Number of protein chains: 2
Amino acid sequence: VSEMIVRSLVVVLFLMRAVAAAGGPDSALVEKLTATGLRTCDAYAMLARLTTAAPHRLAGSDGAARGVEISRQLMQEKGLSNVRLDPVMVPHWVRGPVEEAAILPGGAHDTVHLAVCALGGSVPTSPGGIEAEVLEVRSFEELHRRAASAKGKIVFFNRPMDPSLLETFQAYGRAVDQRGGGAVEAAMAGGVAALVRSMTLAHDNVPHTGSMGYKDSVERVPGAAVSTVGADSLSALLAREPHLRVRLRLACETLPDVPSANVLGEIVGSEHPEEVIVVGGHLDCWDKGSGAHDDGAGCMQAIEALSLLKRLGLTPRRTIRAVMFMNEENGLRGGRAYASDHAGEHHVAAIESDMGGFAPRGISVQGDSALFLGVSRWRPLFAMLGADKFVQGHSGVDISPTVARGVPGFGLDVENHRYFDYHHSDNDTLDKVNPRELEMGAIVEALLCYLISEEGLR
Amino acid sequence: VSEMIVRSLVVVLFLMRAVAAAGGPDSALVEKLTATGLRTCDAYAMLARLTTAAPHRLAGSDGAARGVEISRQLMQEKGLSNVRLDPVMVPHWVRGPVEEAAILPGGAHDTVHLAVCALGGSVPTSPGGIEAEVLEVRSFEELHRRAASAKGKIVFFNRPMDPSLLETFQAYGRAVDQRGGGAVEAAMAGGVAALVRSMTLAHDNVPHTGSMGYKDSVERVPGAAVSTVGADSLSALLAREPHLRVRLRLACETLPDVPSANVLGEIVGSEHPEEVIVVGGHLDCWDKGSGAHDDGAGCMQAIEALSLLKRLGLTPRRTIRAVMFMNEENGLRGGRAYASDHAGEHHVAAIESDMGGFAPRGISVQGDSALFLGVSRWRPLFAMLGADKFVQGHSGVDISPTVARGVPGFGLDVENHRYFDYHHSDNDTLDKVNPRELEMGAIVEALLCYLISEEGLR
């Protein structure tokens with residue numbers, strides 16, 4: 001109860017500040033940021049350029065290299081300072097020309113083609129493909145129980161994301177073990193491949209890729225995702241014909257690491273140039289769709305956040321640095337390299353947008369309670385943008401190596417019911433992004449950067 | 001400052017209640033509503049049925065009659081009580097087979113076709129069309145100043161919705177006078193027709209219709225909307241060739257009023273069946289698109305709100321009544337008839353969803369400050385749904401005649417950046433609706449209905 005009273009008093013203080021701020025310089029700033037940003041929605045124009053010129057930006061690909069160059073150009077055109085590339089070696093996995101699966105004819109059915117795609121990092125099948133019976137399971141625990149039945153089979157992991165959860169990221173988090181660890185678990189049970197239900201709440205025929213892993217001690221078997229419609233068809237047919245056979249062909253391969261880069265640009269602080277606020281997203285994306293929401297949105301929002309401050313003629317006290325991180329999807333090399341390369345600098349904060357370019361709801365603060373209460377004093381200003389849902393939680397994957405060194409982390413929280421309909425699939429294209437919603441995220445980031453720059457966090 | 005302190009104390013009380021409620025029966029209810037609703041998203045299945053079988057539901061049309069029948073069927077299938085139709089006479093305007101406009105060849109240009117549609121209620125042109133020069137204005141005030149130049153011309157109202165405003169409904173409200181009153185103003189200045197820039201923030205070639213009015217004392221000239229792309233083309237050409245000529249043809253007409261109906265269904269209150277909580281939307285829509293967001297969404301959410309309470313086995317103390325109002329778009333006959341027909345009943349509250357089937361943000365409360373403070377005690381519960389933005393303001397058009405009689409009004413506020421991209425146009429179709437976002441609105445309405453039913457408002 002004492003904590004309740006303390007919190008209540010904190011809220012009273014916030015409100016007094018809110019009343020004091022009404023009509024004050026901070027609320028005028030929010031109004032100017034909003035009007036200036038929404039008038040032209042520049043983040044969208046930048047995202048259109050990125051996704052058109054470099055739709056596929058998987059680490060190590062030519063598309064990723066084009067994405068690096070376009071980001072560098074955009075930062076220079078927007079007048080950022082110290083625009084530069086931080087080199088980093090990245091993995092180079094390629095999907096290859098073949099990915100197909102079919103239920104072979106038998107029983108009462110003809111051939112049934114399944115919409116599949118290789119999971120990122122998978123080994124290929126033999127050129128002729130794998131042909132085997134299928135064991136359907138809903139969890140690793142079920143697979144362990146039924147391991148005796150798995151030998152020589154394709155293990156089909158078919159536990160859906162739970163639609164009854166309000167937070168789609170929570171539903172994703174509770175299902176994605178199948179994608180990340182399915183191939184290892186299948187191999188340990190004697191299976192010959194892993195076929196995983198796509199991580200999406202949509203019911204359509206589009207497969208969703210994403211990263212998967214291997215263990216050195218376990219044989220490497222191929223891993224593929226199947227569309228939710230395909231998964232349901234396969235499951236229904238298995239219920240009638242448990243010995244049906246599936247052929248899976250994948251031509252993906254892992255090539256040697258190649259050089260790539262993080263892309264950086266700044267507004268140099270007028271009073272404390274050595275104190276740095278990082279704001280960014282990841283430039284790489286999967287080779288499906290064009291990474292519009294994941295995470296072209298977050299990258300272009302970061303550039304736009306700095307550009308907005310410049311358009312308003314603001315000169316922040318501390319340095320604000322936009323960073324496009326490379327290789328979040330299948331390695332985190334860029335995020336790790338950034339933390340290591342810049343370990344000697346004084347980072348005040350790290351901010352990331354990587355939940356899609358939807359309307360912002362608030363900020364997830366990664367740090368201690370004192371930090372959380374401190375930034376909560378700004379909530380009334382974010383309420384003006386509809387983004388005052390402040391919670392303590394995870395901030396962002398790319399900035400996690402920086403946050404792990406004690407830097408306060410901030411993740412942009414957005415309205416995300418639609419996110420996994422698009423995520424890692426051919427559905428993640430520019431037409432799914434609304435220019436105003438995207439811009440609002442940039443406005444929230446600009447406000448957060450500026451408040452931290454001017455007032456500090458401690 | 002004293003008001004500030006009072007508000008702060010109120011917030012403290014809310015927080016104490018929130019802490020007390022955590023894990024209590026109310027928060028358990030919110031969790032059950034959420035899980036049950038999101039698991040199947042029934043509102044979307046109902047909306048698919050409505051928009052497929054009756055895409056065009058303009059008052060007086062066959063489509064509207066089909067919409068009435070489908071709503072009645074849905075209410076019965078969901079087990080609502082006292083399902084019935086309240087008859088009401090409605091206007092019957094029809095678009096007709098012809099609506100076209102072209103910039104006639106001349107100067108340096110060939111014929112330029114403009115994407116137009118008649119505004120609802122417009123008189124037709126003569127069969128051969130109106131051919132005239134064009135006067136472009138941005139406001140009625142500019143037209144008044146330049147009235148000497150308007151004689152015999154098509155008056156082109158080209159003031160855009162202001163993109164720099166955060167709230168799209170505010171931008172709409174500041175531009176829509178051109179659509180509603182443009183034909184009257186044009187005629188008063190001696191013009192022969194009104195051509196109005198579409199009320200949308202999107203830049204595309206789709207015209208947006210909507211209602212317009214006439215005055216008995218002013219000649220009736222035709223009114224049409226032109227797409228934003230068409231408006232920009234016309235404006236650019238006018239800057240070079242001020243005497244260019246446009247031909248406009250419309251075949252719309254107003255037929256005699258016809259019978260239609262509001263559709264009602266209930267959960268009868270267990271303790272106070274005579275006390276009624278209304279929740280609804282409007283069943284009619286324009287004859288473009290299929291009225292998915294405007295306002296099939298609000299109608300199906302109301303049925304789903306009641307269905308949800310029934311699926312949870314809840315027996316509300318007061319009667320909760322879903323109402324599908326007829327003829328919001330061009331007459332408000334249904335809303336007025338409801339208020340009049342049911343004036344003798346004790347209405348506790350009226351709730352409307354008519355801002356699109358997007359993710360809910362909160363509730364706009366129409367009533368006095370005591371009412372607002374009273375319902376604000378529930379904010380922590382709505383925060384669990386991301387819908388705790390409570391403001392005092394307008395509730396809904398259909399319920400406005402009921403609210404005018406002193407009944408507290410509640411409008412569902414939603415994330416609406418995309419709304420006017422679709423509104424009153426061919427873009428307003430089912431594929432623009434996300435099943436989870438739509439369902440969340442129904443869940444918020446179910447919660448509000450139930451809290452009002454169980455706790456009352458006074």
# chains A, B, ... in the order shown; residues from 1 in each chain; ligands from 1
$ select_by_dssp --residues "stretch 238-374 of chain B" --states "alpha helix (DSSP H)" --output "PyMOL selection string"
chain B and resi 238-240+297-311+333-341+369-374
$ write_last_selection --atoms "N, CA and C atoms" --output "compact mmCIF listing (two decimals), in the first residue's frame"
# COMPACT_ATOMS: atom_id res chain seq x y z
N LEU B 238 -5.62 24.66 -64.39
CA LEU B 238 -6.27 25.97 -64.27
C LEU B 238 -5.24 27.10 -64.10
N ALA B 239 -4.15 26.79 -63.42
CA ALA B 239 -3.12 27.81 -63.22
C ALA B 239 -2.52 28.25 -64.56
N ARG B 240 -2.49 27.31 -65.50
CA ARG B 240 -1.93 27.64 -66.82
C ARG B 240 -3.01 28.13 -67.78
N ALA B 297 -18.95 -1.98 -39.45
CA ALA B 297 -18.12 -2.31 -38.28
C ALA B 297 -18.89 -2.03 -36.98
N GLY B 298 -19.41 -0.82 -36.84
CA GLY B 298 -20.09 -0.46 -35.60
C GLY B 298 -21.33 -1.31 -35.34
N CYS B 299 -22.03 -1.68 -36.41
CA CYS B 299 -23.22 -2.52 -36.24
C CYS B 299 -22.84 -3.91 -35.75
N MET B 300 -21.88 -4.51 -36.43
CA MET B 300 -21.52 -5.89 -36.05
C MET B 300 -20.85 -5.92 -34.68
N GLN B 301 -20.13 -4.85 -34.34
CA GLN B 301 -19.55 -4.78 -32.99
C GLN B 301 -20.63 -4.77 -31.92
N ALA B 302 -21.74 -4.09 -32.19
CA ALA B 302 -22.81 -4.04 -31.19
C ALA B 302 -23.41 -5.43 -30.98
N ILE B 303 -23.68 -6.14 -32.08
CA ILE B 303 -24.21 -7.50 -31.93
C ILE B 303 -23.20 -8.37 -31.20
N GLU B 304 -21.93 -8.23 -31.57
CA GLU B 304 -20.89 -9.04 -30.95
C GLU B 304 -20.72 -8.71 -29.46
N ALA B 305 -20.89 -7.44 -29.10
CA ALA B 305 -20.78 -7.07 -27.68
C ALA B 305 -21.80 -7.86 -26.86
N LEU B 306 -23.03 -7.93 -27.34
CA LEU B 306 -24.06 -8.69 -26.62
C LEU B 306 -23.77 -10.19 -26.67
N SER B 307 -23.34 -10.65 -27.85
CA SER B 307 -23.04 -12.07 -28.00
C SER B 307 -21.91 -12.50 -27.07
N LEU B 308 -20.92 -11.65 -26.92
CA LEU B 308 -19.80 -11.94 -26.03
C LEU B 308 -20.27 -12.12 -24.59
N LEU B 309 -21.12 -11.21 -24.14
CA LEU B 309 -21.63 -11.32 -22.76
C LEU B 309 -22.39 -12.63 -22.60
N LYS B 310 -23.16 -12.99 -23.64
CA LYS B 310 -23.91 -14.24 -23.56
C LYS B 310 -22.97 -15.46 -23.54
N ARG B 311 -21.91 -15.41 -24.39
CA ARG B 311 -20.97 -16.54 -24.41
C ARG B 311 -20.28 -16.72 -23.07
N ARG B 333 -32.99 9.63 -40.17
CA ARG B 333 -34.37 9.28 -39.85
C ARG B 333 -34.43 8.18 -38.77
N GLY B 334 -33.52 7.20 -38.88
CA GLY B 334 -33.54 6.10 -37.92
C GLY B 334 -33.20 6.56 -36.51
N GLY B 335 -32.21 7.39 -36.40
CA GLY B 335 -31.81 7.90 -35.08
C GLY B 335 -32.92 8.73 -34.45
N ARG B 336 -33.56 9.54 -35.28
CA ARG B 336 -34.65 10.36 -34.76
C ARG B 336 -35.85 9.50 -34.39
N ALA B 337 -36.16 8.53 -35.23
CA ALA B 337 -37.32 7.66 -34.96
C ALA B 337 -37.09 6.88 -33.67
N TYR B 338 -35.86 6.39 -33.49
CA TYR B 338 -35.60 5.63 -32.27
C TYR B 338 -35.86 6.48 -31.03
N ALA B 339 -35.29 7.68 -31.04
CA ALA B 339 -35.45 8.56 -29.88
C ALA B 339 -36.93 8.85 -29.62
N SER B 340 -37.67 9.02 -30.67
CA SER B 340 -39.09 9.33 -30.53
C SER B 340 -39.89 8.08 -30.12
N ASP B 341 -39.67 6.98 -30.82
CA ASP B 341 -40.43 5.74 -30.53
C ASP B 341 -40.21 5.26 -29.10
N SER B 369 -19.65 16.95 -16.18
CA SER B 369 -18.37 16.58 -15.56
C SER B 369 -18.54 15.50 -14.50
N ALA B 370 -19.68 15.52 -13.84
CA ALA B 370 -19.91 14.48 -12.82
C ALA B 370 -19.97 13.11 -13.47
N LEU B 371 -20.67 13.05 -14.61
CA LEU B 371 -20.73 11.80 -15.36
C LEU B 371 -19.32 11.36 -15.76
N PHE B 372 -18.56 12.33 -16.28
CA PHE B 372 -17.22 12.01 -16.77
C PHE B 372 -16.33 11.49 -15.66
N LEU B 373 -16.36 12.17 -14.52
CA LEU B 373 -15.54 11.71 -13.39
C LEU B 373 -16.01 10.35 -12.91
N GLY B 374 -17.32 10.16 -12.95
CA GLY B 374 -17.87 8.87 -12.50
C GLY B 374 -17.36 7.71 -13.35
$ residues_around --residues "stretch 252-258 of chain A" --least-positions-apart "6" --cutoff "7 Å" --atoms "only C-alpha atoms" --output "NGL selection string"
:A and (60 or 89-96 or 121-124)
$ select_by_dssp --residues "stretch 200-449 of chain A" --states "strand (DSSP E or B)" --output "PyMOL selection string"
chain A and resi 211+223-226+245-250+253-267+272-282+318-325+346-352+360-366+389-392+409-414
$ atom_distance --atom1 "atom CA of B:Arg317" --atom2 "atom CA of B:Gly367"
22.8 Å
$ residues_around --residues "stretch 347-349 of chain B" --least-positions-apart "3" --cutoff "7 Å" --atoms "only C-alpha atoms" --output "VMD selection string"
chain B and resid 275 to 278 407 to 409
$ write_last_selection --atoms "N, CA, C and O atoms" --output "compact mmCIF listing (two decimals), in the first residue's frame"
# COMPACT_ATOMS: atom_id res chain seq x y z
N GLU B 275 -34.69 -0.72 -17.46
CA GLU B 275 -33.60 0.25 -17.68
C GLU B 275 -32.73 -0.24 -18.84
O GLU B 275 -32.21 -1.35 -18.81
N VAL B 276 -32.59 0.63 -19.83
CA VAL B 276 -32.03 0.19 -21.12
C VAL B 276 -30.69 0.88 -21.41
O VAL B 276 -30.56 2.11 -21.28
N ILE B 277 -29.72 0.08 -21.80
CA ILE B 277 -28.45 0.58 -22.33
C ILE B 277 -28.44 0.27 -23.82
O ILE B 277 -28.52 -0.90 -24.21
N VAL B 278 -28.35 1.29 -24.64
CA VAL B 278 -28.32 1.11 -26.09
C VAL B 278 -26.88 1.07 -26.57
O VAL B 278 -26.06 1.88 -26.13
N VAL B 407 -29.86 11.61 -22.15
CA VAL B 407 -29.25 10.30 -21.90
C VAL B 407 -27.73 10.41 -22.07
O VAL B 407 -27.27 10.98 -23.07
N PRO B 408 -26.95 9.91 -21.12
CA PRO B 408 -25.50 9.95 -21.27
C PRO B 408 -25.05 9.22 -22.54
O PRO B 408 -25.53 8.11 -22.82
N GLY B 409 -24.17 9.86 -23.31
CA GLY B 409 -23.71 9.29 -24.57
C GLY B 409 -22.25 8.89 -24.51
O GLY B 409 -21.43 9.55 -23.84
$ closest_atom_pairs --of "stretch 137-228 of chain B" --to "stretch 285-288 of chain B" --cutoff "12 Å" --atoms "only C-alpha atoms" --output "tab-separated table"
residue	atom	partner	partner_atom	distance
B:Val206	CA	B:Lys288	CA	10.2
B:Pro207	CA	B:Lys288	CA	9.4
B:His208	CA	B:Lys288	CA	8.2
B:Thr209	CA	B:Trp286	CA	7.5
B:Gly210	CA	B:Trp286	CA	7.3
B:Ser211	CA	B:Trp286	CA	9.3
$ write_last_selection --atoms "all heavy atoms" --output "PDB file, in the first residue's frame"
ATOM      1  N   VAL B 206      -9.574   8.027 -56.371  1.00  0.00           N
ATOM      2  CA  VAL B 206     -10.877   7.516 -55.957  1.00  0.00           C
ATOM      3  C   VAL B 206     -11.712   8.660 -55.378  1.00  0.00           C
ATOM      4  O   VAL B 206     -11.302   9.273 -54.391  1.00  0.00           O
ATOM      5  CB  VAL B 206     -10.698   6.412 -54.889  1.00  0.00           C
ATOM      6  CG1 VAL B 206     -12.041   5.906 -54.400  1.00  0.00           C
ATOM      7  CG2 VAL B 206      -9.851   5.279 -55.442  1.00  0.00           C
ATOM      8  N   PRO B 207     -12.867   8.970 -55.975  1.00  0.00           N
ATOM      9  CA  PRO B 207     -13.702  10.028 -55.402  1.00  0.00           C
ATOM     10  C   PRO B 207     -14.470   9.534 -54.177  1.00  0.00           C
ATOM     11  O   PRO B 207     -14.830   8.365 -54.089  1.00  0.00           O
ATOM     12  CB  PRO B 207     -14.658  10.373 -56.546  1.00  0.00           C
ATOM     13  CG  PRO B 207     -14.768   9.118 -57.349  1.00  0.00           C
ATOM     14  CD  PRO B 207     -13.438   8.410 -57.219  1.00  0.00           C
ATOM     15  N   HIS B 208     -14.707  10.452 -53.244  1.00  0.00           N
ATOM     16  CA  HIS B 208     -15.415  10.133 -52.003  1.00  0.00           C
ATOM     17  C   HIS B 208     -16.734  10.893 -51.973  1.00  0.00           C
ATOM     18  O   HIS B 208     -16.733  12.129 -52.013  1.00  0.00           O
ATOM     19  CB  HIS B 208     -14.569  10.536 -50.791  1.00  0.00           C
ATOM     20  CG  HIS B 208     -13.305   9.752 -50.636  1.00  0.00           C
ATOM     21  ND1 HIS B 208     -13.009   9.020 -49.501  1.00  0.00           N
ATOM     22  CD2 HIS B 208     -12.262   9.565 -51.475  1.00  0.00           C
ATOM     23  CE1 HIS B 208     -11.833   8.433 -49.651  1.00  0.00           C
ATOM     24  NE2 HIS B 208     -11.359   8.751 -50.840  1.00  0.00           N
ATOM     25  N   THR B 209     -17.837  10.175 -51.867  1.00  0.00           N
ATOM     26  CA  THR B 209     -19.137  10.811 -51.812  1.00  0.00           C
ATOM     27  C   THR B 209     -19.459  11.248 -50.381  1.00  0.00           C
ATOM     28  O   THR B 209     -18.590  11.271 -49.509  1.00  0.00           O
ATOM     29  CB  THR B 209     -20.224   9.880 -52.400  1.00  0.00           C
ATOM     30  OG1 THR B 209     -21.433  10.608 -52.542  1.00  0.00           O
ATOM     31  CG2 THR B 209     -20.437   8.654 -51.549  1.00  0.00           C
ATOM     32  N   GLY B 210     -20.714  11.591 -50.149  1.00  0.00           N
ATOM     33  CA  GLY B 210     -21.137  12.065 -48.836  1.00  0.00           C
ATOM     34  C   GLY B 210     -22.324  12.989 -49.041  1.00  0.00           C
ATOM     35  O   GLY B 210     -22.655  13.349 -50.175  1.00  0.00           O
ATOM     36  N   SER B 211     -22.940  13.366 -47.942  1.00  0.00           N
ATOM     37  CA  SER B 211     -24.180  14.129 -48.062  1.00  0.00           C
ATOM     38  C   SER B 211     -23.918  15.589 -48.383  1.00  0.00           C
ATOM     39  O   SER B 211     -22.879  16.147 -48.027  1.00  0.00           O
ATOM     40  CB  SER B 211     -24.982  14.027 -46.763  1.00  0.00           C
ATOM     41  OG  SER B 211     -24.284  14.669 -45.732  1.00  0.00           O
TER      42      SER B 211
END
$ residues_around --residues "stretch 189-196 of chain A" --least-positions-apart "2" --cutoff "7 Å" --atoms "only C-alpha atoms" --output "PyMOL selection string"
chain A and resi 147+150-158+178-179+182-183+185-187+198+221-226
$ residues_around --residues "B:Ser217" --least-positions-apart "3" --cutoff "10 Å" --atoms "only C-alpha atoms" --output "mmCIF file with N, CA, C and O atoms, in the first residue's frame"
data_model
loop_
_atom_site.group_PDB
_atom_site.id
_atom_site.type_symbol
_atom_site.label_atom_id
_atom_site.label_comp_id
_atom_site.auth_asym_id
_atom_site.auth_seq_id
_atom_site.Cartn_x
_atom_site.Cartn_y
_atom_site.Cartn_z
ATOM 1 N N VAL B 184 -25.040 25.053 -52.479
ATOM 2 C CA VAL B 184 -25.817 26.249 -52.118
ATOM 3 C C VAL B 184 -24.977 27.509 -52.341
ATOM 4 O O VAL B 184 -25.429 28.485 -52.959
ATOM 5 N N MET B 188 -25.682 30.513 -55.027
ATOM 6 C CA MET B 188 -25.899 31.894 -54.561
ATOM 7 C C MET B 188 -24.957 32.862 -55.266
ATOM 8 O O MET B 188 -25.290 34.035 -55.442
ATOM 9 N N TYR B 214 -29.421 21.370 -49.732
ATOM 10 C CA TYR B 214 -29.958 22.501 -50.497
ATOM 11 C C TYR B 214 -30.740 23.399 -49.554
ATOM 12 O O TYR B 214 -31.139 22.977 -48.464
ATOM 13 N N ARG B 220 -31.274 24.883 -57.093
ATOM 14 C CA ARG B 220 -30.568 23.639 -56.849
ATOM 15 C C ARG B 220 -29.635 23.328 -58.016
ATOM 16 O O ARG B 220 -30.104 23.050 -59.120
#
$ atom_distance --atom1 "atom CA of A:Pro105" --atom2 "atom CA of A:Arg197"
21.7 Å
$ closest_residue --among "B:Met355, B:Leu312, B:Val218, B:Leu385" --to "chain A" --atoms "only C-alpha atoms"
B:Leu385
